[in-house]
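> Data: protein_22.txt, compact mmCIF, C-alpha atoms.
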# COMPACT_ATOMS: atom_id res chain seq x y z
CA ILE A 67 47.05 -0.19 -19.48
CA PHE A 68 44.57 -1.88 -21.83
CA THR A 69 45.18 -5.45 -22.95
CA SER A 70 43.39 -8.23 -24.78
CA VAL A 71 43.04 -11.37 -22.67
CA PRO A 72 43.21 -14.67 -24.57
CA THR A 73 40.39 -17.15 -24.10
CA GLY A 74 41.17 -19.48 -21.21
CA ALA A 75 43.63 -17.12 -19.55
CA SER A 76 43.85 -17.41 -15.79
CA SER A 77 44.61 -14.96 -13.02
CA GLY A 78 48.18 -14.36 -11.87
CA LYS A 79 51.16 -12.02 -11.95
CA ILE A 80 51.57 -9.74 -14.96
CA THR A 81 54.85 -8.49 -16.41
CA VAL A 82 55.07 -5.14 -18.21
CA ALA A 83 58.09 -4.73 -20.52
CA SER A 84 59.32 -1.45 -22.01
CA THR A 85 60.69 -1.38 -25.56
CA VAL A 86 62.33 1.98 -24.87
CA ASN A 87 64.80 1.07 -22.14
CA GLU A 88 64.35 -2.72 -22.13
CA SER A 89 63.16 -2.63 -18.53
CA LYS A 90 60.61 -5.01 -17.04
CA THR A 91 58.26 -4.64 -14.09
CA VAL A 92 56.40 -7.49 -12.41
CA PHE A 93 53.29 -6.29 -10.59
CA GLU A 94 52.92 -7.50 -7.01
CA THR A 95 49.13 -7.61 -7.31
CA ASP A 96 47.62 -10.48 -9.29
CA PHE A 97 45.98 -9.68 -12.59
CA ILE A 98 42.34 -10.76 -12.32
CA VAL A 99 40.51 -12.24 -15.29
CA ALA A 100 37.11 -10.69 -14.81
CA GLU A 101 33.79 -12.45 -15.13
CA PRO A 102 31.70 -11.54 -18.17
CA VAL A 103 29.46 -8.55 -17.50
CA LEU A 104 25.89 -9.67 -18.09
CA GLU A 105 23.49 -7.19 -19.61
CA ALA A 106 20.40 -6.49 -17.53
CA ASN A 107 16.92 -6.58 -18.96
CA LEU A 108 14.25 -4.29 -17.54
CA VAL A 109 11.37 -6.57 -18.34
CA MET A 110 8.43 -5.40 -16.26
CA ASP A 111 6.96 -2.54 -14.23
CA LEU A 112 4.78 -3.87 -11.45
CA VAL A 113 3.74 -0.38 -10.35
CA TYR A 114 3.84 2.70 -12.55
CA PRO A 115 2.83 6.39 -12.54
CA GLY A 116 -0.82 6.69 -13.37
CA HIS A 117 -1.84 3.61 -11.43
CA PRO A 118 -4.99 4.25 -9.33
CA ILE A 119 -3.05 4.07 -6.06
CA TYR A 120 -1.16 7.19 -7.12
CA GLU A 121 -4.13 9.33 -8.16
CA ASP A 122 -2.60 12.84 -8.48
CA SER A 123 0.67 12.05 -6.72
CA TYR A 124 3.11 11.82 -9.60
CA GLN A 125 6.01 12.38 -7.17
CA ALA A 126 5.30 9.26 -5.11
CA VAL A 127 8.38 7.22 -4.19
CA ILE A 128 8.59 3.57 -3.20
CA TYR A 129 11.22 3.29 -0.50
CA ASP A 130 11.45 -0.41 0.30
CA ILE A 131 10.06 -3.76 -0.74
CA ASN A 132 9.90 -7.25 0.71
CA ILE A 133 8.89 -10.55 -0.84
CA VAL A 134 6.70 -13.40 0.34
CA THR A 135 5.17 -16.29 -1.58
CA GLU A 136 1.41 -16.31 -1.64
CA ASP A 137 -0.46 -18.62 -4.03
CA ASN A 138 2.51 -18.49 -6.42
CA TYR A 139 2.19 -14.71 -6.73
CA TYR A 140 4.47 -11.89 -5.72
CA ALA A 141 3.44 -10.15 -2.55
CA LEU A 142 5.33 -6.86 -2.39
CA LEU A 143 5.11 -4.92 0.83
CA SER A 144 5.78 -1.40 -0.41
CA THR A 145 6.13 1.90 1.36
CA PHE A 146 5.10 5.05 -0.49
CA SER A 147 5.75 8.71 0.20
CA GLY A 148 5.48 12.00 -1.66
CA PHE A 149 2.25 13.98 -1.44
CA TYR A 150 0.78 10.89 0.15
CA PRO A 151 1.22 10.02 3.80
CA HIS A 152 3.18 6.82 4.29
CA HIS A 153 1.24 3.68 3.48
CA ILE A 154 2.06 0.00 3.15
CA PHE A 155 0.54 -1.96 0.27
CA ARG A 156 0.43 -5.61 -0.65
CA ILE A 157 0.82 -5.93 -4.41
CA THR A 158 0.13 -9.03 -6.48
CA PRO A 159 -0.08 -9.33 -10.25
CA THR A 160 -3.84 -8.91 -9.97
CA SER A 161 -4.46 -6.60 -7.02
CA VAL A 162 -3.22 -3.79 -4.79
CA ASP A 163 -4.39 -3.94 -1.18
CA THR A 164 -3.74 -1.37 1.53
CA ILE A 165 -2.39 -2.97 4.70
CA VAL A 166 -1.76 0.22 6.67
CA PHE A 167 -2.92 3.72 5.74
CA ASN A 168 -0.99 6.83 6.84
CA LEU A 169 1.82 5.48 8.99
CA ASN A 170 2.69 8.92 10.34
CA GLN A 171 -0.82 9.54 11.62
CA THR A 172 0.67 9.30 15.13
CA GLY A 173 2.79 12.40 14.45
CA ARG A 174 5.97 10.35 14.14
CA ALA A 175 7.91 10.68 10.90
CA PHE A 176 8.36 7.48 8.92
CA HIS A 177 11.81 6.36 7.86
CA TYR A 178 13.23 4.12 5.16
CA GLY A 179 12.90 0.36 5.46
CA LEU A 180 10.67 -2.53 6.39
CA ALA A 181 11.00 -6.26 7.05
CA MET A 182 8.61 -9.15 7.52
CA ASP A 183 8.78 -12.24 9.70
CA LYS A 184 7.64 -15.78 8.95
CA LEU A 185 4.19 -15.10 10.43
CA GLY A 186 3.50 -12.15 8.14
CA ASN A 187 4.13 -9.41 10.70
CA ILE A 188 5.77 -6.28 9.29
CA TYR A 189 8.40 -4.31 11.21
CA VAL A 190 9.04 -0.70 10.34
CA PRO A 191 10.83 2.30 11.89
CA ILE A 192 8.44 5.17 12.58
CA GLY A 193 10.03 8.24 14.07
CA HIS A 194 12.40 7.08 16.79
CA THR A 195 10.48 3.88 17.42
CA ILE A 196 10.26 0.38 15.94
CA CYS A 197 6.72 -0.74 15.23
CA LYS A 198 5.09 -4.08 14.48
CA ILE A 199 2.16 -4.31 12.07
CA SER A 200 0.09 -7.49 12.20
CA PRO A 201 -1.27 -9.09 9.00
CA ASN A 202 -4.64 -7.45 9.67
CA GLY A 203 -3.09 -3.99 10.01
CA ILE A 204 -2.87 -3.48 13.79
CA LEU A 205 0.12 -1.29 14.68
CA ASP A 206 2.00 -1.65 17.98
CA THR A 207 5.21 0.00 19.21
CA ILE A 208 7.65 -2.69 20.32
CA ALA A 209 10.70 -0.55 21.12
CA GLY A 210 11.78 3.06 21.41
CA SER A 211 10.14 6.29 22.49
CA THR A 212 11.87 9.67 22.09
CA LYS A 213 15.05 10.59 20.24
CA GLY A 214 18.26 9.64 22.00
CA PHE A 215 20.32 6.66 23.00
CA GLU A 216 19.26 4.28 25.73
CA GLU A 217 19.47 0.51 26.11
CA GLY A 218 16.70 -1.35 27.87
CA PRO A 219 13.38 -3.13 27.46
CA GLY A 220 10.79 -2.03 24.92
CA GLU A 221 9.75 1.61 25.05
CA ALA A 222 12.38 2.39 27.71
CA ALA A 223 14.99 2.18 24.93
CA LYS A 224 15.81 5.14 22.68
CA PHE A 225 16.86 5.37 19.04
CA ASP A 226 18.05 8.26 16.88
CA ASP A 227 16.63 8.09 13.35
CA PRO A 228 16.44 4.31 12.91
CA MET A 229 16.37 3.71 9.15
CA ASP A 230 15.81 0.01 8.55
CA VAL A 231 15.25 -3.33 10.24
CA GLY A 232 16.31 -6.91 9.49
CA ILE A 233 15.23 -10.24 10.98
CA ASP A 234 17.41 -13.30 11.61
CA GLN A 235 16.30 -16.92 11.38
CA GLU A 236 15.40 -16.97 15.09
CA GLY A 237 13.22 -13.86 14.85
CA ASN A 238 15.58 -11.36 16.48
CA LEU A 239 15.43 -7.84 15.03
CA TYR A 240 18.44 -5.76 14.01
CA VAL A 241 18.03 -2.00 13.58
CA ALA A 242 20.18 0.36 11.52
CA ASP A 243 20.23 3.15 14.12
CA ALA A 244 21.66 5.87 11.86
CA GLY A 245 21.82 8.78 14.29
CA ASN A 246 23.68 6.69 16.86
CA ASN A 247 25.95 5.01 14.26
CA ARG A 248 25.02 1.65 15.71
CA VAL A 249 23.32 -1.60 14.84
CA ARG A 250 20.91 -2.38 17.67
CA LYS A 251 19.41 -5.77 18.50
CA ILE A 252 15.88 -6.35 19.77
CA SER A 253 15.63 -9.83 21.28
CA HIS A 254 12.51 -11.97 21.67
CA ASP A 255 11.83 -10.53 25.12
CA GLY A 256 11.97 -6.96 23.79
CA MET A 257 15.38 -6.07 25.22
CA VAL A 258 17.27 -3.50 23.15
CA THR A 259 21.08 -3.68 23.14
CA THR A 260 23.90 -2.43 20.94
CA PHE A 261 25.09 -5.23 18.68
CA ALA A 262 27.84 -3.25 16.90
CA GLY A 263 29.15 0.28 16.47
CA GLY A 264 28.88 3.43 18.53
CA THR A 265 31.06 6.17 17.03
CA VAL A 266 31.55 7.73 13.60
CA GLY A 267 34.22 6.15 11.42
CA ASP A 268 35.06 3.19 9.23
CA SER A 269 37.02 0.92 11.59
CA ASP A 270 36.23 -2.78 11.51
CA GLY A 271 36.31 -4.89 14.63
CA TRP A 272 34.28 -6.68 17.26
CA GLY A 273 30.99 -5.24 18.53
CA THR A 274 31.19 -1.72 19.88
CA SER A 275 34.81 -1.30 18.80
CA ALA A 276 33.62 -1.03 15.18
CA GLN A 277 32.53 2.27 13.63
CA PHE A 278 29.86 3.27 11.10
CA TYR A 279 28.95 6.29 8.97
CA GLY A 280 25.17 6.41 9.25
CA PRO A 281 23.88 2.82 8.86
CA MET A 282 21.18 2.80 6.18
CA ALA A 283 19.86 -0.52 4.85
CA ILE A 284 20.19 -3.81 6.69
CA PHE A 285 19.64 -7.35 5.46
CA VAL A 286 20.08 -10.62 7.35
CA ASP A 287 20.73 -13.65 5.15
CA LYS A 288 19.85 -17.31 5.75
CA ASN A 289 23.12 -17.83 7.65
CA ASN A 290 22.33 -14.89 10.00
CA LEU A 291 25.11 -12.82 8.43
CA ILE A 292 24.13 -9.14 8.55
CA TRP A 293 24.72 -7.01 5.45
CA LEU A 294 24.78 -3.23 5.89
CA THR A 295 25.05 -0.11 3.75
CA GLU A 296 25.99 3.35 5.05
CA PHE A 297 24.44 6.40 3.43
CA ASN A 298 27.20 8.71 4.62
CA GLY A 299 29.92 6.12 4.07
CA THR A 300 31.51 4.42 1.09
CA ARG A 301 31.47 0.79 2.11
CA VAL A 302 29.36 -2.33 2.25
CA ARG A 303 29.83 -3.95 5.67
CA THR A 304 29.06 -7.38 7.11
CA ILE A 305 28.51 -8.42 10.71
CA THR A 306 28.80 -12.06 11.76
CA PRO A 307 26.33 -13.58 14.26
CA GLU A 308 29.15 -13.29 16.82
CA GLY A 309 29.47 -9.53 16.20
CA LEU A 310 32.58 -9.20 14.01
CA VAL A 311 32.25 -6.19 11.67
CA SER A 312 34.17 -6.32 8.37
CA THR A 313 34.34 -4.22 5.22
CA TYR A 314 33.06 -6.35 2.36
CA ALA A 315 33.50 -3.84 -0.48
CA GLY A 316 34.32 -0.20 -1.13
CA SER A 317 36.94 2.32 -0.12
CA LEU A 318 36.55 5.94 -1.30
CA HIS A 319 33.74 8.27 -2.32
CA GLY A 320 33.16 8.27 -6.04
CA TYR A 321 32.15 6.01 -8.89
CA TYR A 322 34.60 3.28 -9.80
CA ASP A 323 34.03 -0.35 -10.76
CA ALA A 324 36.87 -2.69 -9.93
CA SER A 325 38.05 -6.26 -10.35
CA GLN A 326 38.76 -6.31 -6.62
CA LYS A 327 35.86 -5.22 -4.44
CA GLU A 328 38.02 -3.39 -1.88
CA HIS A 329 39.10 -0.94 -4.62
CA ALA A 330 35.57 0.02 -5.73
CA HIS A 331 34.11 3.47 -5.02
CA PHE A 332 30.52 4.12 -3.92
CA GLN A 333 28.51 7.07 -2.63
CA GLY A 334 25.04 7.44 -1.15
CA LEU A 335 24.26 3.74 -0.69
CA TRP A 336 20.67 2.71 0.03
CA GLY A 337 19.22 -0.77 -0.46
CA ILE A 338 21.08 -4.07 -0.46
CA ALA A 339 20.12 -7.58 -1.55
CA VAL A 340 21.98 -10.91 -1.68
CA ASP A 341 20.96 -13.74 -3.99
CA ASP A 342 21.21 -17.47 -3.29
CA ASN A 343 24.53 -17.68 -5.13
CA GLY A 344 26.12 -15.03 -2.89
CA SER A 345 26.16 -12.15 -5.37
CA VAL A 346 25.45 -8.79 -3.70
CA TYR A 347 23.45 -5.92 -5.21
CA VAL A 348 23.45 -2.35 -3.86
CA ALA A 349 21.46 0.75 -4.76
CA ASP A 350 24.23 3.31 -5.30
CA ASN A 351 21.88 6.26 -5.28
CA GLY A 352 24.62 8.89 -5.25
CA ASN A 353 25.75 7.57 -8.62
CA LYS A 354 22.24 6.76 -9.90
CA ALA A 355 23.24 3.15 -10.43
CA ILE A 356 22.63 -0.40 -9.28
CA ARG A 357 25.96 -2.11 -8.65
CA LYS A 358 26.76 -5.81 -8.41
CA ILE A 359 29.48 -7.44 -6.32
CA SER A 360 30.17 -10.94 -7.66
CA THR A 361 31.30 -13.87 -5.55
CA SER A 362 34.78 -13.48 -7.08
CA GLY A 363 34.94 -9.91 -5.76
CA GLN A 364 34.36 -8.02 -9.01
CA VAL A 365 32.28 -4.82 -8.77
CA THR A 366 30.33 -3.88 -11.89
CA THR A 367 27.51 -1.52 -12.80
CA LEU A 368 24.34 -3.49 -13.45
CA MET A 369 22.15 -0.52 -14.43
CA GLN A 370 22.72 3.22 -14.81
CA ASP A 371 20.45 6.27 -14.61
CA ILE A 372 18.20 4.68 -12.01
CA CYS A 373 17.62 6.09 -8.52
CA ALA A 374 16.72 2.93 -6.65
CA PHE A 375 15.99 2.85 -2.93
CA GLY A 376 14.99 -0.63 -1.80
CA LEU A 377 16.24 -3.88 -3.38
CA THR A 378 15.18 -7.47 -2.89
CA ILE A 379 15.41 -10.84 -4.64
CA ASP A 380 12.14 -12.53 -5.61
CA THR A 381 11.34 -16.24 -5.39
CA ASP A 382 12.58 -16.79 -8.96
CA GLY A 383 15.93 -15.11 -8.34
CA ASN A 384 15.08 -11.85 -10.11
CA LEU A 385 16.16 -8.51 -8.68
CA LEU A 386 13.37 -6.10 -7.73
CA ALA A 387 14.22 -2.40 -7.41
CA ALA A 388 12.00 0.20 -5.74
CA CYS A 389 12.09 3.65 -7.36
CA SER A 390 9.09 5.71 -8.39
CA GLU A 391 8.04 2.34 -9.80
CA ILE A 392 8.90 -1.24 -8.95
CA HIS A 393 11.15 -2.77 -11.61
CA LYS A 394 11.93 -6.42 -12.10
CA ILE A 395 15.42 -6.96 -13.49
CA VAL A 396 16.32 -10.28 -15.11
CA LEU A 397 19.89 -11.11 -16.14
CA ASN A 398 20.35 -12.58 -19.60
Transcribe the structure of this file into structure tokens.

Amino acid sequence: IFTSVPTGASSGKITVASTVNESKTVFETDFIVAEPVLEANLVMDLVYPGHPIYEDSYQAVIYDINIVTEDNYYALLSTFSGFYPHHIFRITPTSVDTIVFNLNQTGRAFHYGLAMDKLGNIYVPIGHTICKISPNGILDTIAGSTKGFEEGPGEAAKFDDPMDVGIDQEGNLYVADAGNNRVRKISHDGMVTTFAGGTVGDSDGWGTSAQFYGPMAIFVDKNNLIWLTEFNGTRVRTITPEGLVSTYAGSLHGYYDASQKEHAHFQGLWGIAVDDNGSVYVADNGNKAIRKISTSGQVTTLMQDICAFGLTIDTDGNLLAACSEIHKIVLN
């Protein structure tokens, strides 16, 4: 049913009347007056094919990005792959500096995400381990060893394809342990425990009673609320600091925007970012789109025909998307 909504209309019940048999139906679900869909402007490429850091590698991909403020410039910590081994660069408007060269030089395959603490240390999953990279480029393994599942201190613990890491306000690490369908916590003393999940599925609940379909990207906001995407799932999940897992948006595989977030369809979710107003952005790579979930619960397509991996919000509130380039997206 398509209808024109008068200016100033509010949400509420809607009645559909038939002129054929004079019947009327009142819908049980409220009609939602949607927010205006703002057009996105792609205003700037910070990194582009042909830049000297690419040389001959036209298939390079930027997997994840993170933002810090440094002399009023962007500092983008970017992970590249393709023909290149996996490096981490610091990018400002005037320079590109290599922080770490060839992350898989140890023979461990690099995975998807990275995060940075308040001291400038970078945390990244490499193989089945979680590594810490100091500001001067020294790499240390802080947790994990071989593939598997094991709780315990430091390298006694085991992960199975950890994809991304997030950091809370107290400096605890949270790992999207995809192969184990868990979110793992690494405390200050290096102890690795399961914070949530454990089996395949989409059940919400407390701690290990919840289920995941391959946790992918993880982001911890300023209130220590964990936001999570699942590459093999169809939902955006949240986890409270107390360990309660809830479905924030999504239901079925597919591509469907909706006025109510629980009715939206996603597939192949990668990066996630949350702005200061509470709007959520996800890289819906299976649909080649960046989707927005507004604070009112409306899911819209922000951009199409873009295979984004990592997302983050810069210090000015712009959305940065990592693809084969880094794009800055400003809403009109």
> Return the single residue from A:Pro201, A:Pro191, A:Gly214, A:Pro307 that is closest to Trp272 of chain A, with distances computed using all atoms listed in the file.
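Of all the options, A:Pro307 lies closest to Trp272 of chain A.
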> Set the distance at 8 Å and use all atoms listed in the file: which residues neighbour Ala339 of chain A once local chain neighbours fewer than 4 positions away are removed? I'd like the list as a PyMOL selection string.
chain A and resi 285+346-348+377-379
> Give me a file of those residues, with C-alpha atoms, as an mmCIF file, keeping the file's coordinate frame.

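Done, and the output landed in again-v4.cif:
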data_model
loop_
_atom_site.group_PDB
_atom_site.id
_atom_site.type_symbol
_atom_site.label_atom_id
_atom_site.label_comp_id
_atom_site.auth_asym_id
_atom_site.auth_seq_id
_atom_site.Cartn_x
_atom_site.Cartn_y
_atom_site.Cartn_z
ATOM 1 C CA PHE A 285 19.640 -7.350 5.460
ATOM 2 C CA VAL A 346 25.450 -8.790 -3.700
ATOM 3 C CA TYR A 347 23.450 -5.920 -5.210
ATOM 4 C CA VAL A 348 23.450 -2.350 -3.860
ATOM 5 C CA LEU A 377 16.240 -3.880 -3.380
ATOM 6 C CA THR A 378 15.180 -7.470 -2.890
ATOM 7 C CA ILE A 379 15.410 -10.840 -4.640
#
> To one decimal place in Å, what is the distance between atom CA of Asp270 of chain A and atom CA of Lys224 of chain A?
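Distance reported for this atom pair: 24.6 Å.
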> Can you work out which one of A:Thr313, A:Asn132, A:Thr295, A:Thr164 has the shortest atom-to-atom distance to Ile233 of chain A, counting all atoms listed in the file?
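Closest residue, counting all atoms listed in the file: A:Asn132.
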> With all atoms listed in the file counted and 12 Å as the cut-off, give the residues of segment 151-239 of chain A in contact with segment 329-336 of chain A, each with its shortest interatomic distance in Å and the pair that gives it, as JSON lines.

{"residue": "A:Tyr178", "atom": "CA", "partner": "A:Trp336", "partner_atom": "CA", "distance": 9.1}
{"residue": "A:Gly179", "atom": "CA", "partner": "A:Trp336", "partner_atom": "CA", "distance": 9.8}
{"residue": "A:Met229", "atom": "CA", "partner": "A:Trp336", "partner_atom": "CA", "distance": 10.1}
{"residue": "A:Asp230", "atom": "CA", "partner": "A:Trp336", "partner_atom": "CA", "distance": 10.2}
> To one decimal in Å, tell me the separation between atom CA of Gln277 of chain A and atom CA of Gly264 of chain A.
6.2 Å
> What is the distance, in Å and to one decimal place, between atom CA of Gly280 of chain A and atom CA of Lys327 of chain A?
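Separation between atom CA of Gly280 of chain A and atom CA of Lys327 of chain A: 20.9 Å.
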> Within 8 Å of Val311 of chain A, counting all atoms listed in the file, which residues qualify if same-chain residues fewer than 5 places away don't, as a PDB file with C-alpha atoms, in the coordinates of the input?

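Listed below is the output, part_12.pdb:
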ATOM      1  CA  ALA A 262      27.840  -3.250  16.900  1.00  0.00           C
ATOM      2  CA  ASP A 270      36.230  -2.780  11.510  1.00  0.00           C
ATOM      3  CA  GLY A 271      36.310  -4.890  14.630  1.00  0.00           C
ATOM      4  CA  TRP A 272      34.280  -6.680  17.260  1.00  0.00           C
ATOM      5  CA  GLY A 273      30.990  -5.240  18.530  1.00  0.00           C
ATOM      6  CA  ALA A 276      33.620  -1.030  15.180  1.00  0.00           C
ATOM      7  CA  ARG A 303      29.830  -3.950   5.670  1.00  0.00           C
ATOM      8  CA  THR A 304      29.060  -7.380   7.110  1.00  0.00           C
ATOM      9  CA  ILE A 305      28.510  -8.420  10.710  1.00  0.00           C
ATOM     10  CA  THR A 306      28.800 -12.060  11.760  1.00  0.00           C
TER      11      THR A 306
END
> Produce a table with one row for each residue of segment 265-338 of chain A that has an atom at most 8 Å from any atom of segment 238-244 of chain A, each row naming the nearest atom pair and its distance in Å at one decimal; use only C-alpha atoms; arrange rows by chain and rising residue number; format as a tab-separated table.

residue	atom	partner	partner_atom	distance
A:Tyr279	CA	A:Ala244	CA	7.9
A:Gly280	CA	A:Ala244	CA	4.4
A:Pro281	CA	A:Ala244	CA	4.8
A:Met282	CA	A:Ala242	CA	6.0
A:Ala283	CA	A:Ala242	CA	6.7
A:Ile284	CA	A:Ala242	CA	6.4
> For each of A:Asp287, A:Gly218, A:Arg250, A:Leu310, take the minimum atom-to-atom distance to Ser275 of chain A, counting only C-alpha atoms, then give the residue where this is smallest.
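Smallest separation from Ser275 of chain A among the options: A:Leu310.
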> Please reconstruct the missing atoms of segment 237-249 of chain A (target: N, CA, C and O atoms) and return them as a compact mmCIF listing (two decimals), keeping the file's coordinate frame.

# COMPACT_ATOMS: atom_id res chain seq x y z
N GLY A 237 14.21 -14.90 14.61
CA GLY A 237 13.22 -13.86 14.85
C GLY A 237 13.72 -12.66 15.62
O GLY A 237 12.92 -11.78 15.98
N ASN A 238 15.03 -12.57 15.87
CA ASN A 238 15.58 -11.36 16.48
C ASN A 238 15.63 -10.24 15.45
O ASN A 238 15.86 -10.48 14.26
N LEU A 239 15.40 -9.00 15.91
CA LEU A 239 15.43 -7.84 15.03
C LEU A 239 16.76 -7.11 15.16
O LEU A 239 17.32 -7.03 16.25
N TYR A 240 17.24 -6.59 14.03
CA TYR A 240 18.44 -5.76 14.01
C TYR A 240 18.09 -4.44 13.36
O TYR A 240 17.47 -4.41 12.29
N VAL A 241 18.45 -3.34 14.00
CA VAL A 241 18.03 -2.00 13.58
C VAL A 241 19.24 -1.19 13.15
O VAL A 241 20.24 -1.10 13.88
N ALA A 242 19.15 -0.58 11.97
CA ALA A 242 20.18 0.36 11.52
C ALA A 242 19.87 1.71 12.17
O ALA A 242 19.08 2.50 11.66
N ASP A 243 20.48 1.96 13.31
CA ASP A 243 20.23 3.15 14.12
C ASP A 243 21.18 4.25 13.64
O ASP A 243 22.27 4.45 14.19
N ALA A 244 20.76 4.97 12.59
CA ALA A 244 21.66 5.87 11.86
C ALA A 244 22.23 6.97 12.73
O ALA A 244 23.42 7.26 12.70
N GLY A 245 21.37 7.65 13.50
CA GLY A 245 21.82 8.78 14.29
C GLY A 245 22.80 8.41 15.37
O GLY A 245 23.63 9.23 15.78
N ASN A 246 22.74 7.16 15.83
CA ASN A 246 23.68 6.69 16.86
C ASN A 246 24.85 5.89 16.27
O ASN A 246 25.69 5.40 17.02
N ASN A 247 24.88 5.76 14.94
CA ASN A 247 25.95 5.01 14.26
C ASN A 247 26.13 3.62 14.87
O ASN A 247 27.25 3.16 15.10
N ARG A 248 25.01 2.97 15.10
CA ARG A 248 25.02 1.65 15.71
C ARG A 248 24.06 0.70 15.00
O ARG A 248 23.09 1.14 14.35
N VAL A 249 24.30 -0.57 15.14
CA VAL A 249 23.32 -1.60 14.84
C VAL A 249 22.81 -2.11 16.17
O VAL A 249 23.59 -2.60 17.00
